[in-house]
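Listing of target-v9.txt; format and content: compact mmCIF, C-alpha atoms.
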```txt
# COMPACT_ATOMS: atom_id res chain seq x y z
CA MET A 1 -26.75 -11.67 41.64
CA THR A 2 -26.18 -11.70 45.37
CA THR A 3 -27.47 -14.74 47.26
CA ILE A 4 -28.62 -14.03 50.80
CA THR A 5 -29.38 -16.82 53.22
CA ILE A 6 -31.41 -16.10 56.36
CA LEU A 7 -31.13 -18.60 59.19
CA PRO A 8 -33.02 -18.64 62.49
CA GLU A 9 -30.75 -18.96 65.52
CA SER A 10 -31.72 -19.87 69.05
CA ILE A 11 -30.31 -17.84 71.86
CA GLU A 12 -30.09 -18.73 75.52
CA SER A 13 -33.44 -17.19 76.48
CA ASP A 14 -35.26 -19.44 73.95
CA GLU A 15 -35.95 -16.44 71.72
CA ILE A 16 -35.09 -16.77 68.07
CA THR A 17 -32.95 -14.25 66.25
CA TYR A 18 -32.15 -14.32 62.55
CA ARG A 19 -28.80 -14.14 60.77
CA ALA A 20 -28.60 -12.94 57.18
CA ILE A 21 -25.49 -14.04 55.27
CA ALA A 22 -24.17 -12.92 51.88
CA GLY A 23 -20.65 -14.20 51.37
CA ALA A 24 -18.47 -12.63 54.08
CA ILE A 25 -21.13 -10.07 55.05
CA GLN A 26 -23.47 -10.93 57.92
CA SER A 27 -26.11 -9.24 60.02
CA GLU A 28 -28.54 -10.18 62.78
CA GLY A 29 -32.06 -9.12 63.62
CA LYS A 30 -35.05 -9.98 65.76
CA THR A 31 -36.95 -10.90 62.58
CA ALA A 32 -35.86 -12.22 59.19
CA GLY A 33 -36.80 -8.85 57.68
CA GLU A 34 -34.74 -6.92 60.20
CA ALA A 35 -31.70 -9.11 59.49
CA LEU A 36 -32.22 -8.65 55.73
CA ASP A 37 -32.57 -4.88 56.05
CA ALA A 38 -29.36 -4.66 58.09
CA LEU A 39 -27.52 -6.77 55.53
CA THR A 40 -28.73 -4.89 52.46
CA LYS A 41 -27.42 -1.65 53.97
CA GLN A 42 -23.95 -3.21 53.79
CA LEU A 43 -24.18 -4.21 50.13
CA SER A 44 -22.75 -2.12 47.33
CA GLU A 45 -25.00 -0.84 44.55
CA ASP A 46 -23.78 -3.49 42.10
CA GLU A 47 -24.78 -6.18 44.63
CA SER A 48 -28.35 -4.90 44.92
CA GLY A 49 -29.89 -7.61 42.73
CA MET A 50 -30.48 -10.47 45.12
CA LEU A 51 -31.96 -13.87 45.74
CA VAL A 52 -33.14 -14.30 49.33
CA ILE A 53 -33.43 -17.73 50.90
CA VAL A 54 -35.19 -18.07 54.24
CA GLN A 55 -34.33 -21.40 55.79
CA ASN A 56 -37.08 -23.05 57.82
CA LEU A 57 -34.65 -25.64 59.23
CA ARG A 58 -36.87 -28.62 58.51
CA PRO A 59 -35.34 -31.64 56.83
CA ASP A 60 -36.63 -32.57 53.39
CA VAL A 61 -35.62 -34.59 50.34
CA PHE A 62 -33.08 -31.92 49.39
CA PHE A 63 -31.33 -31.55 52.79
CA THR A 64 -31.65 -34.47 55.19
CA ALA A 65 -32.13 -34.52 58.96
CA LYS A 66 -28.59 -35.90 59.33
CA GLN A 67 -27.12 -33.02 57.30
CA GLN A 68 -29.24 -30.57 59.25
CA GLN A 69 -28.07 -31.88 62.63
CA GLN A 70 -24.42 -31.69 61.56
CA LEU A 71 -24.92 -28.14 60.25
CA ILE A 72 -26.51 -27.08 63.54
CA LYS A 73 -23.66 -28.66 65.49
CA LEU A 74 -20.95 -27.03 63.38
CA MET A 75 -22.67 -23.64 63.36
CA ALA A 76 -22.76 -23.73 67.17
CA ARG A 77 -19.04 -24.57 67.26
CA TRP A 78 -18.34 -21.81 64.69
CA ARG A 79 -20.25 -19.23 66.78
CA GLU A 80 -18.39 -20.30 69.92
CA ALA A 81 -15.06 -19.99 68.12
CA ARG A 82 -16.04 -16.61 66.66
CA ASP A 83 -17.13 -15.30 70.07
CA ASN A 84 -13.74 -16.32 71.48
CA ASN A 85 -11.81 -14.76 68.57
CA LYS A 86 -10.80 -18.19 67.34
CA THR A 87 -11.46 -20.25 64.21
CA LEU A 88 -12.70 -23.75 63.66
CA PRO A 89 -10.15 -26.47 62.95
CA PRO A 90 -9.60 -26.62 59.16
CA GLN A 91 -11.40 -29.96 58.74
CA GLU A 92 -14.51 -28.66 60.53
CA GLN A 93 -14.43 -25.41 58.56
CA VAL A 94 -14.33 -27.38 55.29
CA GLU A 95 -17.20 -29.60 56.44
CA LEU A 96 -19.21 -26.55 57.50
CA GLN A 97 -18.66 -24.88 54.13
CA MET A 98 -19.67 -28.08 52.32
CA LEU A 99 -22.89 -28.25 54.34
CA VAL A 100 -23.67 -24.58 53.73
CA ASN A 101 -23.11 -25.15 50.00
CA ALA A 102 -25.30 -28.26 50.11
CA GLU A 103 -28.06 -26.27 51.80
CA LEU A 104 -27.76 -23.55 49.16
CA ARG A 105 -28.09 -26.16 46.41
CA ALA A 106 -31.06 -27.63 48.28
CA ALA A 107 -32.65 -24.19 48.47
CA ALA A 108 -32.22 -23.79 44.71
CA LYS A 109 -33.84 -27.18 44.15
CA ARG A 110 -36.72 -26.19 46.45
CA ALA A 111 -37.16 -23.00 44.43
CA GLU A 112 -37.12 -24.94 41.15
CA SER A 113 -39.68 -27.33 42.57
CA ALA A 114 -41.91 -24.44 43.70
CA ILE A 115 -41.68 -22.78 40.28
CA SER A 116 -42.50 -26.06 38.59
CA GLU A 117 -45.55 -26.51 40.82
CA MET A 118 -46.73 -22.95 40.10
CA SER A 119 -46.40 -23.52 36.36
CA LYS A 120 -48.86 -26.42 36.38
```

Entire entry expressed as structure tokens:
Amino acid sequence: MTTITILPESIESDEITYRAIAGAIQSEGKTAGEALDALTKQLSEDESGMLVIVQNLRPDVFFTAKQQQQLIKLMARWREARDNNKTLPPQEQVELQMLVNAELRAAAKRAESAISEMSK
């Protein structure tokens, strides 16, 4: 199953765009749906089964405000590096990947919690 994460991103004009990410594949859109549609067009047929996570970027018991702030900071540095055809220093790239993985685990825990609540 393909896991797709959709993150809101601020741009300079205070508008929000959305980035959909599935492994190394990424897309952007003016809405979460537009970003998802653009990403799914890039997936192969055997990747068509998917779990979509839309991140609201609010801290909770699964992903703290401190983790969130660090993720925002590192994502901004990653975008700047990407836009300049550079990469993050290895230590920052590892930390960024760890935070992304932590947020994915947090999303799974949120989903488990939601399912548990619906089963009551």

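Nearest residue to Arg105 in chain A among A:Gln70, A:Arg77, A:Glu28, A:Phe63 is A:Phe63, counting all atoms listed in the file.
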
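Nearest to Phe62 in chain A of all the residues A:Glu103, A:Ile21, A:Thr5, A:Ile16 is A:Glu103, based on only C-alpha atoms.
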
Selected residue, from A:Ser119, A:Gln97, A:Gln91, A:Thr17, that lies nearest to Ala32 in chain A when counting all atoms listed in the file: A:Thr17

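What separates CA of Arg82 in chain A from CA of Val94 in chain A is a distance of 15.8 Å.
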
Do you have the CA of Thr64 in chain A-CA of Glu95 in chain A distance handy? 15.3 Å

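You will find CA of Ala81 in chain A at 13.2 Å from CA of Leu96 in chain A.
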
Could you please give me, as number ranges by chain, the residues of protein, DNA or RNA lying at most 7 Å from (-23.8, -13.2, 49.9) in the coordinate frame of the file, considering only C-alpha atoms? A: 2-4, 21-25

Need the shell around Lys41 in chain A: protein/DNA/RNA residues with any atom at most 12 Å away, counting only C-alpha atoms. Skip same-chain ones fewer than 5 positions apart. Format as a count of residues only? 10

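With all atoms listed in the file as the atoms that count, the minimum distance from Leu99 in chain A to the choices A:Ser116, A:Thr40, A:Gln69, A:Thr87 is reached by A:Gln69.
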
Any chance you could work out the axis-aligned box around range 29-33 of chain A, listed atoms only, 3 Å on each side, giving centre and edge lengths in Å to one decimal, as JSON?
```
{"center_x": -34.5, "center_y": -10.5, "center_z": 61.7, "size_x": 10.9, "size_y": 9.4, "size_z": 14.1}
```

Near Tyr18 in chain A, within 7 Å and counting only C-alpha atoms, which residues show up once chain neighbours fewer than 4 positions away are dropped, as JSON, numbers by chain? {"A": [6, 7, 8, 9, 28, 29, 30, 31, 32, 35]}

Can you work out which one of A:Ala102, A:Gly33, A:Arg19, A:Glu112 has the shortest atom-to-atom distance to Gln67 in chain A, counting only C-alpha atoms? A:Ala102

Write range 88-99 of chain A as an mmCIF file, keeping the file's coordinate frame, completed to all heavy atoms.
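The result, stored in selection34.cif:
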```cif
data_model
loop_
_atom_site.group_PDB
_atom_site.id
_atom_site.type_symbol
_atom_site.label_atom_id
_atom_site.label_comp_id
_atom_site.auth_asym_id
_atom_site.auth_seq_id
_atom_site.Cartn_x
_atom_site.Cartn_y
_atom_site.Cartn_z
ATOM 1 N N LEU A 88 -12.500 -22.309 63.612
ATOM 2 C CA LEU A 88 -12.700 -23.750 63.660
ATOM 3 C C LEU A 88 -11.452 -24.456 63.146
ATOM 4 O O LEU A 88 -10.715 -23.899 62.321
ATOM 5 C CB LEU A 88 -13.873 -24.160 62.770
ATOM 6 C CG LEU A 88 -15.276 -23.867 63.252
ATOM 7 C CD1 LEU A 88 -16.285 -24.281 62.181
ATOM 8 C CD2 LEU A 88 -15.575 -24.574 64.545
ATOM 9 N N PRO A 89 -11.214 -25.686 63.580
ATOM 10 C CA PRO A 89 -10.150 -26.470 62.950
ATOM 11 C C PRO A 89 -10.439 -26.576 61.446
ATOM 12 O O PRO A 89 -11.613 -26.621 61.044
ATOM 13 C CB PRO A 89 -10.249 -27.833 63.637
ATOM 14 C CG PRO A 89 -10.935 -27.561 64.943
ATOM 15 C CD PRO A 89 -11.869 -26.407 64.675
ATOM 16 N N PRO A 90 -9.410 -26.611 60.625
ATOM 17 C CA PRO A 90 -9.600 -26.620 59.160
ATOM 18 C C PRO A 90 -10.577 -27.686 58.666
ATOM 19 O O PRO A 90 -11.406 -27.407 57.804
ATOM 20 C CB PRO A 90 -8.195 -26.850 58.613
ATOM 21 C CG PRO A 90 -7.290 -26.333 59.679
ATOM 22 C CD PRO A 90 -7.989 -26.609 60.978
ATOM 23 N N GLN A 91 -10.510 -28.888 59.198
ATOM 24 C CA GLN A 91 -11.400 -29.960 58.740
ATOM 25 C C GLN A 91 -12.859 -29.612 59.033
ATOM 26 O O GLN A 91 -13.732 -29.840 58.191
ATOM 27 C CB GLN A 91 -11.019 -31.274 59.425
ATOM 28 C CG GLN A 91 -11.857 -32.447 58.957
ATOM 29 C CD GLN A 91 -11.435 -33.751 59.624
ATOM 30 O OE1 GLN A 91 -10.472 -33.805 60.381
ATOM 31 N NE2 GLN A 91 -12.166 -34.813 59.331
ATOM 32 N N GLU A 92 -13.142 -29.046 60.206
ATOM 33 C CA GLU A 92 -14.510 -28.660 60.530
ATOM 34 C C GLU A 92 -14.972 -27.481 59.684
ATOM 35 O O GLU A 92 -16.140 -27.422 59.277
ATOM 36 C CB GLU A 92 -14.641 -28.325 62.017
ATOM 37 C CG GLU A 92 -14.568 -29.549 62.908
ATOM 38 C CD GLU A 92 -14.770 -29.219 64.377
ATOM 39 O OE1 GLU A 92 -14.891 -28.017 64.741
ATOM 40 O OE2 GLU A 92 -14.820 -30.163 65.180
ATOM 41 N N GLN A 93 -14.068 -26.549 59.399
ATOM 42 C CA GLN A 93 -14.430 -25.410 58.560
ATOM 43 C C GLN A 93 -14.789 -25.873 57.152
ATOM 44 O O GLN A 93 -15.758 -25.407 56.564
ATOM 45 C CB GLN A 93 -13.284 -24.394 58.509
ATOM 46 C CG GLN A 93 -13.630 -23.140 57.737
ATOM 47 C CD GLN A 93 -14.772 -22.348 58.367
ATOM 48 O OE1 GLN A 93 -14.783 -22.114 59.557
ATOM 49 N NE2 GLN A 93 -15.733 -21.942 57.554
ATOM 50 N N VAL A 94 -14.037 -26.829 56.620
ATOM 51 C CA VAL A 94 -14.330 -27.380 55.290
ATOM 52 C C VAL A 94 -15.677 -28.095 55.308
ATOM 53 O O VAL A 94 -16.503 -27.910 54.406
ATOM 54 C CB VAL A 94 -13.197 -28.337 54.837
ATOM 55 C CG1 VAL A 94 -13.616 -29.152 53.627
ATOM 56 C CG2 VAL A 94 -11.929 -27.552 54.543
ATOM 57 N N GLU A 95 -15.921 -28.897 56.341
ATOM 58 C CA GLU A 95 -17.200 -29.600 56.440
ATOM 59 C C GLU A 95 -18.363 -28.618 56.558
ATOM 60 O O GLU A 95 -19.404 -28.793 55.910
ATOM 61 C CB GLU A 95 -17.196 -30.558 57.628
ATOM 62 C CG GLU A 95 -18.465 -31.376 57.726
ATOM 63 C CD GLU A 95 -18.485 -32.339 58.904
ATOM 64 O OE1 GLU A 95 -17.557 -32.323 59.739
ATOM 65 O OE2 GLU A 95 -19.463 -33.097 58.993
ATOM 66 N N LEU A 96 -18.176 -27.568 57.354
ATOM 67 C CA LEU A 96 -19.210 -26.550 57.500
ATOM 68 C C LEU A 96 -19.502 -25.883 56.161
ATOM 69 O O LEU A 96 -20.661 -25.733 55.770
ATOM 70 C CB LEU A 96 -18.798 -25.506 58.541
ATOM 71 C CG LEU A 96 -19.763 -24.327 58.732
ATOM 72 C CD1 LEU A 96 -21.136 -24.800 59.153
ATOM 73 C CD2 LEU A 96 -19.181 -23.356 59.751
ATOM 74 N N GLN A 97 -18.458 -25.516 55.435
ATOM 75 C CA GLN A 97 -18.660 -24.880 54.130
ATOM 76 C C GLN A 97 -19.357 -25.820 53.154
ATOM 77 O O GLN A 97 -20.216 -25.401 52.383
ATOM 78 C CB GLN A 97 -17.321 -24.397 53.552
ATOM 79 C CG GLN A 97 -17.497 -23.544 52.322
ATOM 80 C CD GLN A 97 -18.302 -22.283 52.601
ATOM 81 O OE1 GLN A 97 -17.985 -21.535 53.511
ATOM 82 N NE2 GLN A 97 -19.357 -22.058 51.825
ATOM 83 N N MET A 98 -19.010 -27.101 53.202
ATOM 84 C CA MET A 98 -19.670 -28.080 52.320
ATOM 85 C C MET A 98 -21.158 -28.185 52.660
ATOM 86 O O MET A 98 -21.997 -28.274 51.755
ATOM 87 C CB MET A 98 -18.977 -29.431 52.440
ATOM 88 C CG MET A 98 -17.618 -29.469 51.755
ATOM 89 S SD MET A 98 -16.670 -31.002 51.990
ATOM 90 C CE MET A 98 -17.865 -32.271 51.766
ATOM 91 N N LEU A 99 -21.490 -28.171 53.946
ATOM 92 C CA LEU A 99 -22.890 -28.250 54.340
ATOM 93 C C LEU A 99 -23.652 -26.981 53.968
ATOM 94 O O LEU A 99 -24.804 -27.049 53.527
ATOM 95 C CB LEU A 99 -23.000 -28.520 55.845
ATOM 96 C CG LEU A 99 -22.677 -29.953 56.264
ATOM 97 C CD1 LEU A 99 -22.490 -30.046 57.768
ATOM 98 C CD2 LEU A 99 -23.774 -30.905 55.796
#
```
